[in-house]
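Colleague: Starting off with a structure, shown below.
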Amino acid sequence: MIIIFSDDIVYELNIKLRELAAVSVFFTIDKYIQHGDTSCLWHSIAVAYYSLFLARLLHISCDKNSLLVGALLHDYFLYDWHVKEKSHKLHGFRHPKAALNNAERIKQLNTIETDIIIKHMFPLTPVPPIYKESMVVCLVDKFCSLHETFHKDTYNSLKRKIDI
């Protein structure tokens with residue numbers, strides 16, 4: 001994957017990550033694998049980075065703060081969905097609500113952030129996103145998920161840019 005870095009997006013993302021780390025256990029999601037060998041943390045960071053990158057590339061005016069917060073917290077479900085447990089059944093359908101509940105415990109979310117988190121699995125979940133930011137995150141999440149599923153050691157270049 002060719003990665004073109006935007007230093008200002010990296011800067012904004014690093015600020016948002018520090019804010020979340022100050023009020024939560026956000027970085028603990030690094031212990032949960034999301035797709036392939038990519039953790040939930042790096043999946044979420046990549047979705048946030050590429051969502052803002054895509055919005056800028058396509059000149060989509062958006063609330064960049066809400067886009068970053070929603071993208072970072074869209075998979076903040078705090079469990080290993082690969083472990084065979086009754087509560088993990090139908091993870092694809094259920095985890096947006098778990099992520100939303102966990103996110104609401106650490107931050108008061110606005111309507112855009114809520115929409116991003118709860119609707120990022122569309123069309124697996126029936127209600128489509130209604131905000132531009134939600135639509136961008138939903139699409140980028142699919143792209144990142146596919147990339148992580150079929151490639152090893154994803155986001156190494158991004159990992160060198162992020163301060164965690």
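Residues are referred to by chain and number: the chain letter is A, B, ... according to the order shown in the structure tokens, the number counts from 1 in that chain, and ligands are numbered separately from 1 in the order shown.
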Go through segment 4-116 of chain A and collect every residue that DSSP, computed from the backbone, puts in strand (DSSP E or B); the answer should be as a PyMOL selection string.

Modeller: chain A and resi 33-35+38-39

Colleague: Save the residues we just selected, C-alpha atoms, as a PDB file, in the first residue's frame?

Modeller:
ATOM      1  CA  ILE A  33      -6.613  -8.199  17.214  1.00  0.00           C
ATOM      2  CA  GLN A  34      -9.062  -6.707  14.765  1.00  0.00           C
ATOM      3  CA  HIS A  35      -8.212  -8.131  11.322  1.00  0.00           C
ATOM      4  CA  THR A  38      -3.629  -5.645  13.052  1.00  0.00           C
ATOM      5  CA  SER A  39      -4.792  -4.596  16.503  1.00  0.00           C
TER       6      SER A  39
END

Colleague: Near segment 104-121 of chain A, within 12 Å and counting only C-alpha atoms, which residues show up once chain neighbours fewer than 5 positions away are dropped, as an mmCIF file with N, CA, C and O atoms, in the first residue's frame?

Modeller:
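The result, written out as result38.cif:
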data_model
loop_
_atom_site.group_PDB
_atom_site.id
_atom_site.type_symbol
_atom_site.label_atom_id
_atom_site.label_comp_id
_atom_site.auth_asym_id
_atom_site.auth_seq_id
_atom_site.Cartn_x
_atom_site.Cartn_y
_atom_site.Cartn_z
ATOM 1 N N GLU A 19 -5.487 13.241 23.902
ATOM 2 C CA GLU A 19 -6.714 13.606 24.616
ATOM 3 C C GLU A 19 -7.470 12.356 25.076
ATOM 4 O O GLU A 19 -7.930 12.289 26.221
ATOM 5 N N LEU A 20 -7.609 11.384 24.195
ATOM 6 C CA LEU A 20 -8.315 10.149 24.565
ATOM 7 C C LEU A 20 -7.552 9.368 25.626
ATOM 8 O O LEU A 20 -8.156 8.813 26.547
ATOM 9 N N ALA A 21 -6.243 9.319 25.506
ATOM 10 C CA ALA A 21 -5.426 8.593 26.485
ATOM 11 C C ALA A 21 -5.534 9.219 27.875
ATOM 12 O O ALA A 21 -5.465 8.506 28.875
ATOM 13 N N ALA A 22 -5.731 10.515 27.935
ATOM 14 C CA ALA A 22 -5.810 11.212 29.222
ATOM 15 C C ALA A 22 -7.101 10.908 29.983
ATOM 16 O O ALA A 22 -7.144 11.037 31.205
ATOM 17 N N VAL A 23 -8.143 10.478 29.276
ATOM 18 C CA VAL A 23 -9.436 10.270 29.930
ATOM 19 C C VAL A 23 -9.934 8.832 29.870
ATOM 20 O O VAL A 23 -11.063 8.547 30.281
ATOM 21 N N SER A 24 -9.100 7.914 29.356
ATOM 22 C CA SER A 24 -9.612 6.559 29.147
ATOM 23 C C SER A 24 -8.487 5.534 29.122
ATOM 24 O O SER A 24 -7.326 5.867 29.248
ATOM 25 N N VAL A 25 -8.904 4.297 28.892
ATOM 26 C CA VAL A 25 -7.963 3.192 28.693
ATOM 27 C C VAL A 25 -7.860 2.891 27.200
ATOM 28 O O VAL A 25 -7.668 1.745 26.804
ATOM 29 N N PHE A 26 -7.971 3.923 26.388
ATOM 30 C CA PHE A 26 -8.028 3.771 24.937
ATOM 31 C C PHE A 26 -6.919 2.883 24.391
ATOM 32 O O PHE A 26 -7.166 2.006 23.569
ATOM 33 N N SER A 44 -8.031 1.440 14.251
ATOM 34 C CA SER A 44 -8.747 2.681 14.534
ATOM 35 C C SER A 44 -7.929 3.906 14.148
ATOM 36 O O SER A 44 -8.456 4.876 13.595
ATOM 37 N N VAL A 47 -8.000 4.106 10.342
ATOM 38 C CA VAL A 47 -9.304 4.584 9.869
ATOM 39 C C VAL A 47 -9.414 6.095 10.097
ATOM 40 O O VAL A 47 -9.886 6.829 9.224
ATOM 41 N N ALA A 48 -8.962 6.570 11.234
ATOM 42 C CA ALA A 48 -9.014 8.009 11.511
ATOM 43 C C ALA A 48 -8.131 8.779 10.533
ATOM 44 O O ALA A 48 -8.563 9.779 9.933
ATOM 45 N N SER A 51 -9.509 8.536 6.907
ATOM 46 C CA SER A 51 -10.790 9.243 6.775
ATOM 47 C C SER A 51 -10.551 10.736 6.580
ATOM 48 O O SER A 51 -11.141 11.357 5.681
ATOM 49 N N CYS A 62 -15.919 19.134 6.349
ATOM 50 C CA CYS A 62 -16.463 18.317 7.427
ATOM 51 C C CYS A 62 -15.958 18.815 8.772
ATOM 52 O O CYS A 62 -15.042 19.630 8.853
ATOM 53 N N ASP A 63 -16.562 18.296 9.806
ATOM 54 C CA ASP A 63 -16.137 18.565 11.176
ATOM 55 C C ASP A 63 -14.996 17.592 11.463
ATOM 56 O O ASP A 63 -15.229 16.437 11.818
ATOM 57 N N LYS A 64 -13.764 18.065 11.283
ATOM 58 C CA LYS A 64 -12.612 17.162 11.401
ATOM 59 C C LYS A 64 -12.448 16.620 12.815
ATOM 60 O O LYS A 64 -12.030 15.478 12.987
ATOM 61 N N ASN A 65 -12.806 17.393 13.827
ATOM 62 C CA ASN A 65 -12.713 16.900 15.203
ATOM 63 C C ASN A 65 -13.661 15.725 15.404
ATOM 64 O O ASN A 65 -13.267 14.684 15.938
ATOM 65 N N SER A 66 -14.894 15.870 14.978
ATOM 66 C CA SER A 66 -15.876 14.784 15.118
ATOM 67 C C SER A 66 -15.474 13.573 14.286
ATOM 68 O O SER A 66 -15.635 12.433 14.734
ATOM 69 N N LEU A 67 -14.953 13.814 13.101
ATOM 70 C CA LEU A 67 -14.507 12.720 12.248
ATOM 71 C C LEU A 67 -13.400 11.925 12.940
ATOM 72 O O LEU A 67 -13.455 10.695 12.986
ATOM 73 N N LEU A 68 -12.410 12.616 13.514
ATOM 74 C CA LEU A 68 -11.312 11.926 14.192
ATOM 75 C C LEU A 68 -11.793 11.184 15.436
ATOM 76 O O LEU A 68 -11.432 10.024 15.648
ATOM 77 N N VAL A 69 -12.616 11.825 16.248
ATOM 78 C CA VAL A 69 -13.118 11.176 17.470
ATOM 79 C C VAL A 69 -13.949 9.949 17.117
ATOM 80 O O VAL A 69 -13.747 8.863 17.661
ATOM 81 N N GLY A 70 -14.885 10.108 16.200
ATOM 82 C CA GLY A 70 -15.730 8.977 15.801
ATOM 83 C C GLY A 70 -14.933 7.833 15.213
ATOM 84 O O GLY A 70 -15.169 6.666 15.531
ATOM 85 N N ALA A 71 -13.964 8.172 14.364
ATOM 86 C CA ALA A 71 -13.140 7.127 13.744
ATOM 87 C C ALA A 71 -12.285 6.412 14.784
ATOM 88 O O ALA A 71 -12.153 5.189 14.742
ATOM 89 N N LEU A 72 -11.709 7.146 15.706
ATOM 90 C CA LEU A 72 -10.873 6.514 16.729
ATOM 91 C C LEU A 72 -11.684 5.627 17.663
ATOM 92 O O LEU A 72 -11.199 4.597 18.130
ATOM 93 N N LEU A 73 -12.928 5.994 17.920
ATOM 94 C CA LEU A 73 -13.747 5.243 18.882
ATOM 95 C C LEU A 73 -14.733 4.270 18.227
ATOM 96 O O LEU A 73 -15.479 3.585 18.929
ATOM 97 N N HIS A 74 -14.708 4.147 16.905
ATOM 98 C CA HIS A 74 -15.719 3.313 16.237
ATOM 99 C C HIS A 74 -15.624 1.837 16.622
ATOM 100 O O HIS A 74 -16.620 1.129 16.583
ATOM 101 N N ASP A 75 -14.460 1.358 17.010
ATOM 102 C CA ASP A 75 -14.300 -0.037 17.440
ATOM 103 C C ASP A 75 -13.802 -0.133 18.883
ATOM 104 O O ASP A 75 -13.042 -1.031 19.237
ATOM 105 N N TYR A 76 -14.270 0.746 19.721
ATOM 106 C CA TYR A 76 -13.863 0.792 21.130
ATOM 107 C C TYR A 76 -14.759 -0.146 21.956
ATOM 108 O O TYR A 76 -15.369 0.225 22.933
ATOM 109 N N PHE A 77 -14.815 -1.420 21.542
ATOM 110 C CA PHE A 77 -15.726 -2.379 22.181
ATOM 111 C C PHE A 77 -15.084 -3.124 23.343
ATOM 112 O O PHE A 77 -15.767 -3.759 24.124
ATOM 113 N N HIS A 91 -20.905 -10.534 16.455
ATOM 114 C CA HIS A 91 -20.053 -9.373 16.746
ATOM 115 C C HIS A 91 -20.245 -8.255 15.725
ATOM 116 O O HIS A 91 -20.353 -7.085 16.095
ATOM 117 N N GLY A 92 -20.288 -8.592 14.457
ATOM 118 C CA GLY A 92 -20.421 -7.582 13.413
ATOM 119 C C GLY A 92 -21.666 -6.726 13.559
ATOM 120 O O GLY A 92 -21.668 -5.548 13.210
ATOM 121 N N PHE A 93 -22.731 -7.321 14.090
ATOM 122 C CA PHE A 93 -23.985 -6.599 14.276
ATOM 123 C C PHE A 93 -24.013 -5.850 15.606
ATOM 124 O O PHE A 93 -24.641 -4.805 15.709
ATOM 125 N N ARG A 94 -23.359 -6.390 16.612
ATOM 126 C CA ARG A 94 -23.493 -5.877 17.974
ATOM 127 C C ARG A 94 -22.402 -4.908 18.428
ATOM 128 O O ARG A 94 -22.639 -4.100 19.305
ATOM 129 N N HIS A 95 -21.204 -5.022 17.867
ATOM 130 C CA HIS A 95 -20.112 -4.236 18.435
ATOM 131 C C HIS A 95 -20.251 -2.725 18.301
ATOM 132 O O HIS A 95 -19.721 -1.999 19.143
ATOM 133 N N PRO A 96 -20.976 -2.196 17.304
ATOM 134 C CA PRO A 96 -21.129 -0.737 17.286
ATOM 135 C C PRO A 96 -21.815 -0.201 18.546
ATOM 136 O O PRO A 96 -21.418 0.841 19.080
ATOM 137 N N LYS A 97 -22.798 -0.919 19.051
ATOM 138 C CA LYS A 97 -23.488 -0.484 20.286
ATOM 139 C C LYS A 97 -22.551 -0.587 21.485
ATOM 140 O O LYS A 97 -22.531 0.309 22.340
ATOM 141 N N ALA A 98 -21.757 -1.650 21.558
ATOM 142 C CA ALA A 98 -20.788 -1.785 22.657
ATOM 143 C C ALA A 98 -19.755 -0.665 22.592
ATOM 144 O O ALA A 98 -19.397 -0.078 23.624
ATOM 145 N N ALA A 99 -19.279 -0.360 21.389
ATOM 146 C CA ALA A 99 -18.306 0.721 21.215
ATOM 147 C C ALA A 99 -18.918 2.062 21.627
ATOM 148 O O ALA A 99 -18.269 2.872 22.299
ATOM 149 N N PRO A 126 -28.662 -2.101 9.666
ATOM 150 C CA PRO A 126 -29.624 -1.650 8.654
ATOM 151 C C PRO A 126 -29.742 -0.137 8.430
ATOM 152 O O PRO A 126 -30.132 0.283 7.354
ATOM 153 N N VAL A 127 -29.409 0.684 9.405
ATOM 154 C CA VAL A 127 -29.624 2.120 9.259
ATOM 155 C C VAL A 127 -28.366 2.780 8.701
ATOM 156 O O VAL A 127 -27.291 2.658 9.290
ATOM 157 N N PRO A 128 -28.485 3.478 7.578
ATOM 158 C CA PRO A 128 -27.294 4.073 6.959
ATOM 159 C C PRO A 128 -26.812 5.322 7.706
ATOM 160 O O PRO A 128 -27.584 5.974 8.410
ATOM 161 N N PRO A 129 -25.549 5.657 7.530
ATOM 162 C CA PRO A 129 -25.025 6.899 8.113
ATOM 163 C C PRO A 129 -25.725 8.106 7.488
ATOM 164 O O PRO A 129 -26.116 8.070 6.317
ATOM 165 N N ILE A 130 -25.860 9.183 8.272
ATOM 166 C CA ILE A 130 -26.553 10.368 7.736
ATOM 167 C C ILE A 130 -25.634 11.574 7.559
ATOM 168 O O ILE A 130 -26.003 12.514 6.869
ATOM 169 N N TYR A 131 -24.458 11.549 8.157
ATOM 170 C CA TYR A 131 -23.528 12.675 8.027
ATOM 171 C C TYR A 131 -22.397 12.330 7.066
ATOM 172 O O TYR A 131 -22.028 11.161 6.919
ATOM 173 N N LYS A 132 -21.821 13.365 6.456
ATOM 174 C CA LYS A 132 -20.676 13.163 5.551
ATOM 175 C C LYS A 132 -19.556 12.431 6.284
ATOM 176 O O LYS A 132 -18.949 11.513 5.743
ATOM 177 N N GLU A 133 -19.293 12.850 7.511
ATOM 178 C CA GLU A 133 -18.225 12.252 8.298
ATOM 179 C C GLU A 133 -18.475 10.767 8.533
ATOM 180 O O GLU A 133 -17.560 9.949 8.453
ATOM 181 N N SER A 134 -19.721 10.412 8.798
ATOM 182 C CA SER A 134 -20.104 9.006 9.024
ATOM 183 C C SER A 134 -19.912 8.176 7.768
ATOM 184 O O SER A 134 -19.448 7.033 7.834
ATOM 185 N N MET A 135 -20.272 8.749 6.634
ATOM 186 C CA MET A 135 -20.137 8.033 5.367
ATOM 187 C C MET A 135 -18.670 7.801 5.027
ATOM 188 O O MET A 135 -18.295 6.709 4.588
ATOM 189 N N VAL A 136 -17.849 8.812 5.263
ATOM 190 C CA VAL A 136 -16.416 8.670 4.988
ATOM 191 C C VAL A 136 -15.820 7.579 5.864
ATOM 192 O O VAL A 136 -15.118 6.688 5.381
ATOM 193 N N VAL A 137 -16.093 7.616 7.170
ATOM 194 C CA VAL A 137 -15.543 6.610 8.086
ATOM 195 C C VAL A 137 -16.053 5.219 7.719
ATOM 196 O O VAL A 137 -15.286 4.254 7.717
ATOM 197 N N CYS A 138 -17.306 5.104 7.374
ATOM 198 C CA CYS A 138 -17.883 3.804 6.990
ATOM 199 C C CYS A 138 -17.128 3.223 5.792
ATOM 200 O O CYS A 138 -16.754 2.045 5.800
ATOM 201 N N LEU A 139 -16.872 4.032 4.795
ATOM 202 C CA LEU A 139 -16.156 3.560 3.599
ATOM 203 C C LEU A 139 -14.695 3.238 3.902
ATOM 204 O O LEU A 139 -14.179 2.197 3.476
ATOM 205 N N VAL A 140 -14.016 4.113 4.624
ATOM 206 C CA VAL A 140 -12.602 3.897 4.933
ATOM 207 C C VAL A 140 -12.441 2.670 5.832
ATOM 208 O O VAL A 140 -11.491 1.905 5.670
ATOM 209 N N ASP A 141 -13.367 2.459 6.748
ATOM 210 C CA ASP A 141 -13.329 1.279 7.621
ATOM 211 C C ASP A 141 -13.356 -0.004 6.790
ATOM 212 O O ASP A 141 -12.598 -0.942 7.057
ATOM 213 N N LYS A 142 -14.185 -0.035 5.762
ATOM 214 C CA LYS A 142 -14.250 -1.219 4.888
ATOM 215 C C LYS A 142 -12.929 -1.429 4.159
ATOM 216 O O LYS A 142 -12.420 -2.550 4.060
ATOM 217 N N SER A 145 -10.231 -2.581 6.623
ATOM 218 C CA SER A 145 -10.498 -3.964 7.031
ATOM 219 C C SER A 145 -10.050 -4.963 5.974
ATOM 220 O O SER A 145 -9.434 -5.985 6.290
#

Colleague: Give me, please, the distance in Å between atom CA of Asn101 of chain A and atom CA of Ile162 of chain A, quoted to one decimal.

Modeller: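 Interatomic distance, atom CA of Asn101 of chain A to atom CA of Ile162 of chain A: 26.4 Å.
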
Colleague: How many Å lie between atom CA of Leu146 of chain A and atom CA of Ser61 of chain A, rounded to one decimal?

Modeller: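 Separation of atom CA of Leu146 of chain A and atom CA of Ser61 of chain A: 26.3 Å.
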
Colleague: Which distance in Å separates atom CA of Asn156 of chain A and atom CA of Asn102 of chain A, to one decimal?

Modeller: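 So the answer is 27.8 Å.
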
Colleague: Write out as a PyMOL selection string all residues of chain A that DSSP puts in alpha helix (DSSP H) for this structure's backbone.

Modeller: chain A and resi 7-23+40-57+64-73+91-106+111-119+132-150+156-161

Colleague: With C-alpha atoms kept, could you save the residues just selected as an mmCIF file, in the first residue's frame?

Modeller:
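The new file selection_21.cif reads:
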data_model
loop_
_atom_site.group_PDB
_atom_site.id
_atom_site.type_symbol
_atom_site.label_atom_id
_atom_site.label_comp_id
_atom_site.auth_asym_id
_atom_site.auth_seq_id
_atom_site.Cartn_x
_atom_site.Cartn_y
_atom_site.Cartn_z
ATOM 1 C CA ASP A 7 2.068 16.014 8.516
ATOM 2 C CA ASP A 8 -0.828 18.222 9.592
ATOM 3 C CA ILE A 9 -3.176 15.213 9.740
ATOM 4 C CA VAL A 10 -0.573 13.271 11.729
ATOM 5 C CA TYR A 11 -0.258 16.256 14.089
ATOM 6 C CA GLU A 12 -4.042 16.506 14.604
ATOM 7 C CA LEU A 13 -4.307 12.750 15.090
ATOM 8 C CA ASN A 14 -1.533 12.750 17.701
ATOM 9 C CA ILE A 15 -3.318 15.501 19.650
ATOM 10 C CA LYS A 16 -6.608 13.573 19.579
ATOM 11 C CA LEU A 17 -4.848 10.372 20.711
ATOM 12 C CA ARG A 18 -3.299 12.189 23.688
ATOM 13 C CA GLU A 19 -6.714 13.606 24.616
ATOM 14 C CA LEU A 20 -8.315 10.149 24.565
ATOM 15 C CA ALA A 21 -5.426 8.593 26.485
ATOM 16 C CA ALA A 22 -5.810 11.212 29.222
ATOM 17 C CA VAL A 23 -9.436 10.270 29.930
ATOM 18 C CA CYS A 40 -7.962 -2.630 17.158
ATOM 19 C CA LEU A 41 -5.752 0.327 18.110
ATOM 20 C CA TRP A 42 -3.878 0.467 14.810
ATOM 21 C CA HIS A 43 -7.032 -0.265 12.832
ATOM 22 C CA SER A 44 -8.747 2.681 14.534
ATOM 23 C CA ILE A 45 -5.752 4.976 14.042
ATOM 24 C CA ALA A 46 -5.569 4.033 10.356
ATOM 25 C CA VAL A 47 -9.304 4.584 9.869
ATOM 26 C CA ALA A 48 -9.014 8.009 11.511
ATOM 27 C CA TYR A 49 -5.962 9.012 9.468
ATOM 28 C CA TYR A 50 -7.314 7.839 6.107
ATOM 29 C CA SER A 51 -10.790 9.243 6.775
ATOM 30 C CA LEU A 52 -9.412 12.734 7.260
ATOM 31 C CA PHE A 53 -6.983 12.234 4.372
ATOM 32 C CA LEU A 54 -9.827 11.169 2.048
ATOM 33 C CA ALA A 55 -12.070 14.038 3.143
ATOM 34 C CA ARG A 56 -9.306 16.505 2.352
ATOM 35 C CA LEU A 57 -8.368 14.801 -0.902
ATOM 36 C CA LYS A 64 -12.612 17.162 11.401
ATOM 37 C CA ASN A 65 -12.713 16.900 15.203
ATOM 38 C CA SER A 66 -15.876 14.784 15.118
ATOM 39 C CA LEU A 67 -14.507 12.720 12.248
ATOM 40 C CA LEU A 68 -11.312 11.926 14.192
ATOM 41 C CA VAL A 69 -13.118 11.176 17.470
ATOM 42 C CA GLY A 70 -15.730 8.977 15.801
ATOM 43 C CA ALA A 71 -13.140 7.127 13.744
ATOM 44 C CA LEU A 72 -10.873 6.514 16.729
ATOM 45 C CA LEU A 73 -13.747 5.243 18.882
ATOM 46 C CA HIS A 91 -20.053 -9.373 16.746
ATOM 47 C CA GLY A 92 -20.421 -7.582 13.413
ATOM 48 C CA PHE A 93 -23.985 -6.599 14.276
ATOM 49 C CA ARG A 94 -23.493 -5.877 17.974
ATOM 50 C CA HIS A 95 -20.112 -4.236 18.435
ATOM 51 C CA PRO A 96 -21.129 -0.737 17.286
ATOM 52 C CA LYS A 97 -23.488 -0.484 20.286
ATOM 53 C CA ALA A 98 -20.788 -1.785 22.657
ATOM 54 C CA ALA A 99 -18.306 0.721 21.215
ATOM 55 C CA LEU A 100 -20.841 3.529 21.613
ATOM 56 C CA ASN A 101 -21.576 2.580 25.239
ATOM 57 C CA ASN A 102 -17.846 2.520 26.062
ATOM 58 C CA ALA A 103 -17.203 5.800 24.247
ATOM 59 C CA GLU A 104 -20.051 7.506 26.117
ATOM 60 C CA ARG A 105 -18.396 6.519 29.403
ATOM 61 C CA ILE A 106 -15.287 8.541 28.579
ATOM 62 C CA THR A 111 -24.508 13.636 17.082
ATOM 63 C CA ILE A 112 -21.885 13.221 14.349
ATOM 64 C CA GLU A 113 -19.562 11.164 16.577
ATOM 65 C CA THR A 114 -22.488 9.015 17.705
ATOM 66 C CA ASP A 115 -23.609 8.458 14.115
ATOM 67 C CA ILE A 116 -20.085 7.463 13.070
ATOM 68 C CA ILE A 117 -19.748 4.881 15.842
ATOM 69 C CA ILE A 118 -23.196 3.332 15.699
ATOM 70 C CA LYS A 119 -23.476 3.192 11.883
ATOM 71 C CA LYS A 132 -20.676 13.163 5.551
ATOM 72 C CA GLU A 133 -18.225 12.252 8.298
ATOM 73 C CA SER A 134 -20.104 9.006 9.024
ATOM 74 C CA MET A 135 -20.137 8.033 5.367
ATOM 75 C CA VAL A 136 -16.416 8.670 4.988
ATOM 76 C CA VAL A 137 -15.543 6.610 8.086
ATOM 77 C CA CYS A 138 -17.883 3.804 6.990
ATOM 78 C CA LEU A 139 -16.156 3.560 3.599
ATOM 79 C CA VAL A 140 -12.602 3.897 4.933
ATOM 80 C CA ASP A 141 -13.329 1.279 7.621
ATOM 81 C CA LYS A 142 -14.250 -1.219 4.888
ATOM 82 C CA PHE A 143 -11.118 -0.444 2.903
ATOM 83 C CA CYS A 144 -8.813 -0.713 5.947
ATOM 84 C CA SER A 145 -10.498 -3.964 7.031
ATOM 85 C CA LEU A 146 -9.907 -5.547 3.642
ATOM 86 C CA HIS A 147 -6.313 -4.357 3.554
ATOM 87 C CA GLU A 148 -5.628 -5.745 7.049
ATOM 88 C CA THR A 149 -7.229 -9.080 6.219
ATOM 89 C CA PHE A 150 -5.032 -9.699 3.189
ATOM 90 C CA ASN A 156 4.366 0.255 9.562
ATOM 91 C CA SER A 157 4.961 3.674 8.002
ATOM 92 C CA LEU A 158 2.019 5.151 9.899
ATOM 93 C CA LYS A 159 3.287 3.607 13.139
ATOM 94 C CA ARG A 160 6.547 5.528 12.748
ATOM 95 C CA LYS A 161 4.628 8.811 12.517
#
